[in-house]
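upload.cif, holding mmCIF, C-alpha atoms:
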```cif
data_data
loop_
_atom_site.label_atom_id
_atom_site.label_comp_id
_atom_site.auth_asym_id
_atom_site.auth_seq_id
_atom_site.Cartn_x
_atom_site.Cartn_y
_atom_site.Cartn_z
CA ALA A 1 -119.73 51.89 79.75
CA GLU A 2 -116.10 52.59 80.62
CA GLY A 3 -114.70 49.85 78.40
CA ALA A 4 -111.08 48.83 78.98
CA LYS A 5 -110.46 51.66 81.44
CA GLY A 6 -113.34 50.29 83.50
CA PHE A 7 -112.05 46.74 83.69
CA VAL A 8 -108.54 47.95 84.54
CA LYS A 9 -110.00 50.09 87.34
CA LEU A 10 -112.07 47.13 88.60
CA ALA A 11 -109.02 44.84 88.57
CA GLU A 12 -107.07 47.41 90.61
CA GLN A 13 -109.92 47.65 93.15
CA ILE A 14 -110.13 43.87 93.49
CA ALA A 15 -106.35 43.56 93.88
CA GLU A 16 -106.30 46.29 96.51
CA ALA A 17 -108.99 44.48 98.49
CA THR A 18 -107.45 41.03 98.08
CA PRO A 19 -104.43 40.09 100.23
CA GLY A 20 -101.62 38.62 98.14
CA ALA A 21 -103.22 39.61 94.84
CA PHE A 22 -100.99 40.19 91.82
CA LEU A 23 -101.83 42.39 88.85
CA THR A 24 -100.11 41.57 85.56
CA ARG A 25 -100.85 45.04 84.18
CA GLN A 26 -100.64 43.63 80.68
CA PHE A 27 -101.35 46.98 79.00
CA THR A 28 -98.18 48.52 80.50
CA ASN A 29 -95.94 45.59 81.46
CA ASP A 30 -92.80 45.27 79.32
CA ASP A 31 -92.76 41.55 80.11
CA ASN A 32 -95.84 41.23 77.87
CA VAL A 33 -93.77 42.29 74.86
CA ALA A 34 -90.77 40.24 76.02
CA ALA A 35 -92.87 37.07 76.37
CA HIS A 36 -94.01 37.33 72.76
CA TYR A 37 -90.51 38.22 71.58
CA MET A 38 -89.03 35.18 73.32
CA GLY A 39 -92.01 32.82 72.91
CA THR A 40 -94.58 33.58 70.23
CA GLY A 41 -92.14 34.97 67.65
CA PRO A 42 -89.73 32.01 67.81
CA GLU A 43 -92.66 29.57 67.79
CA ILE A 44 -94.11 31.11 64.63
CA TRP A 45 -90.64 31.08 63.06
CA ALA A 46 -90.10 27.42 63.95
CA GLN A 47 -93.60 26.26 62.95
CA THR A 48 -93.28 27.91 59.54
CA ALA A 49 -89.63 26.85 59.07
CA GLY A 50 -88.91 30.53 58.51
CA LEU A 51 -91.33 30.73 55.60
CA VAL A 52 -93.39 33.53 57.07
CA ASP A 53 -93.92 36.50 54.78
CA VAL A 54 -96.79 38.26 56.58
CA PHE A 55 -97.76 38.41 60.26
CA ILE A 56 -101.20 39.80 61.09
CA ALA A 57 -102.03 40.41 64.74
CA GLY A 58 -105.27 41.69 66.16
CA VAL A 59 -104.07 44.38 68.55
CA GLY A 60 -105.27 44.05 72.14
CA THR A 61 -102.52 45.20 74.49
CA GLY A 62 -99.91 45.46 71.74
CA GLY A 63 -97.70 42.77 73.29
CA THR A 64 -98.10 40.13 70.59
CA LEU A 65 -97.89 42.62 67.74
CA ILE A 66 -94.68 44.26 68.99
CA GLY A 67 -92.95 41.25 70.56
CA ALA A 68 -93.58 38.66 67.85
CA GLY A 69 -93.43 41.31 65.13
CA ARG A 70 -90.01 42.50 66.27
CA PHE A 71 -88.67 38.93 66.42
CA LEU A 72 -89.94 38.14 62.92
CA LYS A 73 -88.51 41.40 61.52
CA GLU A 74 -85.12 40.56 63.02
CA LYS A 75 -85.19 37.11 61.42
CA LYS A 76 -86.62 38.29 58.12
CA PRO A 77 -86.59 42.07 57.57
CA THR A 78 -89.00 41.73 54.64
CA CYS A 79 -91.68 40.11 56.81
CA HIS A 80 -94.74 42.37 56.54
CA ILE A 81 -96.28 43.16 59.95
CA VAL A 82 -99.98 44.09 59.98
CA CYS A 83 -101.80 45.64 62.94
CA LEU A 84 -105.45 44.54 62.76
CA GLU A 85 -108.19 46.51 64.51
CA ALA A 86 -111.97 46.36 64.56
CA ALA A 87 -113.33 48.77 61.93
CA GLU A 88 -115.47 50.30 64.67
CA SER A 89 -112.45 51.26 66.83
CA ARG A 90 -109.26 52.19 64.96
CA VAL A 91 -107.45 53.99 67.79
CA VAL A 92 -103.97 52.55 67.16
CA ALA A 93 -104.13 53.51 63.48
CA GLY A 94 -105.05 57.03 64.61
CA LYS A 95 -108.36 57.07 62.76
CA ASP A 96 -110.71 57.14 65.76
CA GLU A 97 -110.85 58.82 69.15
CA ALA A 98 -109.69 56.86 72.17
CA VAL A 99 -113.13 56.05 73.56
CA PRO A 100 -114.77 52.72 74.34
CA VAL A 101 -116.82 51.44 71.40
CA ALA A 102 -118.96 48.32 71.52
CA HIS A 103 -118.04 45.84 68.80
CA GLY A 104 -118.01 42.09 68.41
CA LEU A 105 -114.26 41.39 68.32
CA VAL A 106 -113.56 40.74 71.99
CA GLY A 107 -109.91 41.14 72.99
CA ILE A 108 -108.88 43.65 70.34
CA SER A 109 -109.54 47.33 69.72
CA ALA A 110 -110.18 48.28 73.34
CA GLY A 111 -110.65 51.94 72.43
CA ILE A 112 -107.74 53.17 74.51
CA PRO A 113 -104.22 54.33 73.69
CA LEU A 114 -101.77 51.46 74.13
CA PRO A 115 -98.78 52.36 76.30
CA LEU A 116 -96.78 49.37 75.02
CA LEU A 117 -96.79 50.98 71.58
CA ASP A 118 -95.64 54.32 72.91
CA LYS A 119 -92.73 53.66 75.20
CA GLU A 120 -89.25 52.32 75.15
CA VAL A 121 -89.10 48.60 75.88
CA GLN A 122 -86.06 46.55 76.76
CA LEU A 123 -86.04 43.00 75.46
CA LYS A 124 -83.64 40.50 76.93
CA SER A 125 -82.85 37.69 74.54
CA ALA A 126 -82.34 34.08 75.57
CA SER A 127 -78.57 34.65 75.24
CA GLY A 128 -78.79 37.44 77.83
CA SER A 129 -78.16 40.39 75.53
CA VAL A 130 -80.44 43.38 76.01
CA ASN A 131 -82.02 45.13 73.04
CA THR A 132 -83.68 48.48 73.70
CA ILE A 133 -86.53 49.40 71.39
CA ALA A 134 -87.22 53.13 71.30
CA ALA A 135 -90.82 54.26 71.08
CA ASP A 136 -90.34 55.75 67.60
CA ASP A 137 -88.92 52.45 66.35
CA MET A 138 -91.93 50.51 67.65
CA ARG A 139 -94.46 52.32 65.49
CA TYR A 140 -95.05 52.62 61.79
CA PRO A 141 -91.88 51.92 59.81
CA GLY A 142 -90.03 50.25 62.68
CA ILE A 143 -92.25 47.22 63.17
CA ILE A 144 -95.78 47.93 61.96
CA ASP A 145 -95.88 48.03 58.16
CA GLU A 146 -99.61 48.33 57.71
CA PHE A 147 -102.82 48.97 59.57
CA ALA A 148 -105.87 46.94 58.60
CA GLU A 149 -109.40 46.81 59.84
CA VAL A 150 -112.20 44.30 59.77
CA PRO A 151 -115.87 44.99 60.49
CA SER A 152 -116.94 43.06 63.57
CA SER A 153 -119.70 41.30 61.68
CA LYS A 154 -117.20 39.85 59.19
CA GLY A 155 -114.72 38.87 61.92
CA VAL A 156 -117.41 37.06 63.91
CA ALA A 157 -118.76 35.34 60.78
CA MET A 158 -115.28 34.08 59.88
CA ALA A 159 -114.65 32.82 63.42
CA LYS A 160 -117.93 30.87 63.29
CA ARG A 161 -117.04 29.45 59.88
CA LEU A 162 -113.61 28.33 61.08
CA ALA A 163 -115.12 26.74 64.20
CA GLU A 164 -117.32 24.42 62.09
#
```
Mind turning this structure into structure tokens?
Amino acid sequence: AEGAKGFVKLAEQIAEATPGAFLTRQFTNDDNVAAHYMGTGPEIWAQTAGLVDVFIAGVGTGGTLIGAGRFLKEKKPTCHIVCLEAAESRVVAGKDEAVPVAHGLVGISAGIPLPLLDKEVQLKSASGSVNTIAADDMRYPGIIDEFAEVPSSKGVAMAKRLAE
């Protein structure tokens, strides 16, 4: 009933009770964004030979959207970055309250504000230079060009169709 807040709380309890446990804290860890900036973004760029015009990411923690999106924007400023949420939980787009909502698109639209989208993040490139992204630059015109939504039923139906 607590949604994402509940599983984060449970993970913290388990880690506290488990000697040597390590929490990645993916909803708040800047390394999440950095991993996608240094890994996912360059991989997409290489796999498409730079012919990527639109990047659509279902937003879970925000790491893929911001990290890969930033990389692609740096390579091709006209690349259109789309933040995809479940139609039943459009918290990042600011259309719904930040409360857990049951829907069928597991891993996105957790129903909570996403700290990675609201804070300054420092990205260290492979060459060692550091690029600071201010919170204002990470939102709407900075990286995210558009918010889109998909009803869970349609997302699940498409996933089943693609799996065939």
So that I can see what lies close to A:Gly155, please list as an MDAnalysis selection string the residues with an atom at most 12 Å from it, counting all atoms listed in the file and leaving out residues fewer than 4 positions away in the same chain.
chainID A and resid 58 84:88 103:106 108 149:151 159:162
Return the single residue from A:Leu72, A:Ala148, A:Ala11, A:Ile66 that is closest to A:Gly50, with distances computed using only C-alpha atoms.
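Counting only C-alpha atoms, the residue closest to A:Gly50 is A:Leu72.
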Which polymer residues have any atom within 12 Å of an atom of A:Glu12, counting all atoms listed in the file, with same-chain residues fewer than 3 positions away left out, as an NGL selection string?
:A and (5-9 or 15-18 or 21-25)
Quick one: distance from atom CA of A:Trp45 to atom CA of A:Val82 in Å, one decimal?
16.3 Å
Run the PyMOL selection byres ((chain A and resi 33) around 7) against the file shown and list the residues it catches, as a short mmCIF file (atom, residue, chain, number, x, y, z; two decimals) with C-alpha atoms, keeping the file's coordinate frame.
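So the final result, stored in result-v5.cif, reads:
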```
data_model
loop_
_atom_site.label_atom_id
_atom_site.label_comp_id
_atom_site.auth_asym_id
_atom_site.auth_seq_id
_atom_site.Cartn_x
_atom_site.Cartn_y
_atom_site.Cartn_z
CA ASP A 30 -92.80 45.27 79.32
CA ASP A 31 -92.76 41.55 80.11
CA ASN A 32 -95.84 41.23 77.87
CA ALA A 34 -90.77 40.24 76.02
CA ALA A 35 -92.87 37.07 76.37
CA HIS A 36 -94.01 37.33 72.76
CA TYR A 37 -90.51 38.22 71.58
CA GLY A 63 -97.70 42.77 73.29
CA THR A 64 -98.10 40.13 70.59
CA ILE A 66 -94.68 44.26 68.99
CA GLY A 67 -92.95 41.25 70.56
#
```
What residues have an atom no more than 10 Å from (-87.0, 39.7, 66.0) in the file's own frame, counting all atoms listed in the file, and can you write them as a ChimeraX atom specification?
/A:37-38,41-42,45,66-77,125,143
Write the residues of the preceding selection, restricted to C-alpha atoms, as a CSV table (one decimal), keeping the file's coordinate frame.
```csv
chain,number,residue,atom,x,y,z
A,37,TYR,CA,-90.5,38.2,71.6
A,38,MET,CA,-89.0,35.2,73.3
A,41,GLY,CA,-92.1,35.0,67.6
A,42,PRO,CA,-89.7,32.0,67.8
A,45,TRP,CA,-90.6,31.1,63.1
A,66,ILE,CA,-94.7,44.3,69.0
A,67,GLY,CA,-93.0,41.2,70.6
A,68,ALA,CA,-93.6,38.7,67.8
A,69,GLY,CA,-93.4,41.3,65.1
A,70,ARG,CA,-90.0,42.5,66.3
A,71,PHE,CA,-88.7,38.9,66.4
A,72,LEU,CA,-89.9,38.1,62.9
A,73,LYS,CA,-88.5,41.4,61.5
A,74,GLU,CA,-85.1,40.6,63.0
A,75,LYS,CA,-85.2,37.1,61.4
A,76,LYS,CA,-86.6,38.3,58.1
A,77,PRO,CA,-86.6,42.1,57.6
A,125,SER,CA,-82.8,37.7,74.5
A,143,ILE,CA,-92.2,47.2,63.2
```
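Considering the residues A:Asn29, A:Gly20, A:Glu146, A:Thr48 and counting all atoms listed in the file, A:Ile81 has its shortest atom-to-atom contact with A:Glu146.
We find atom CA of A:Leu51 and atom CA of A:Ala163 to be spaced 25.6 Å apart.
Coordinates place atom CA of A:Cys79 at a distance of 4.7 Å from atom CA of A:Asp53.
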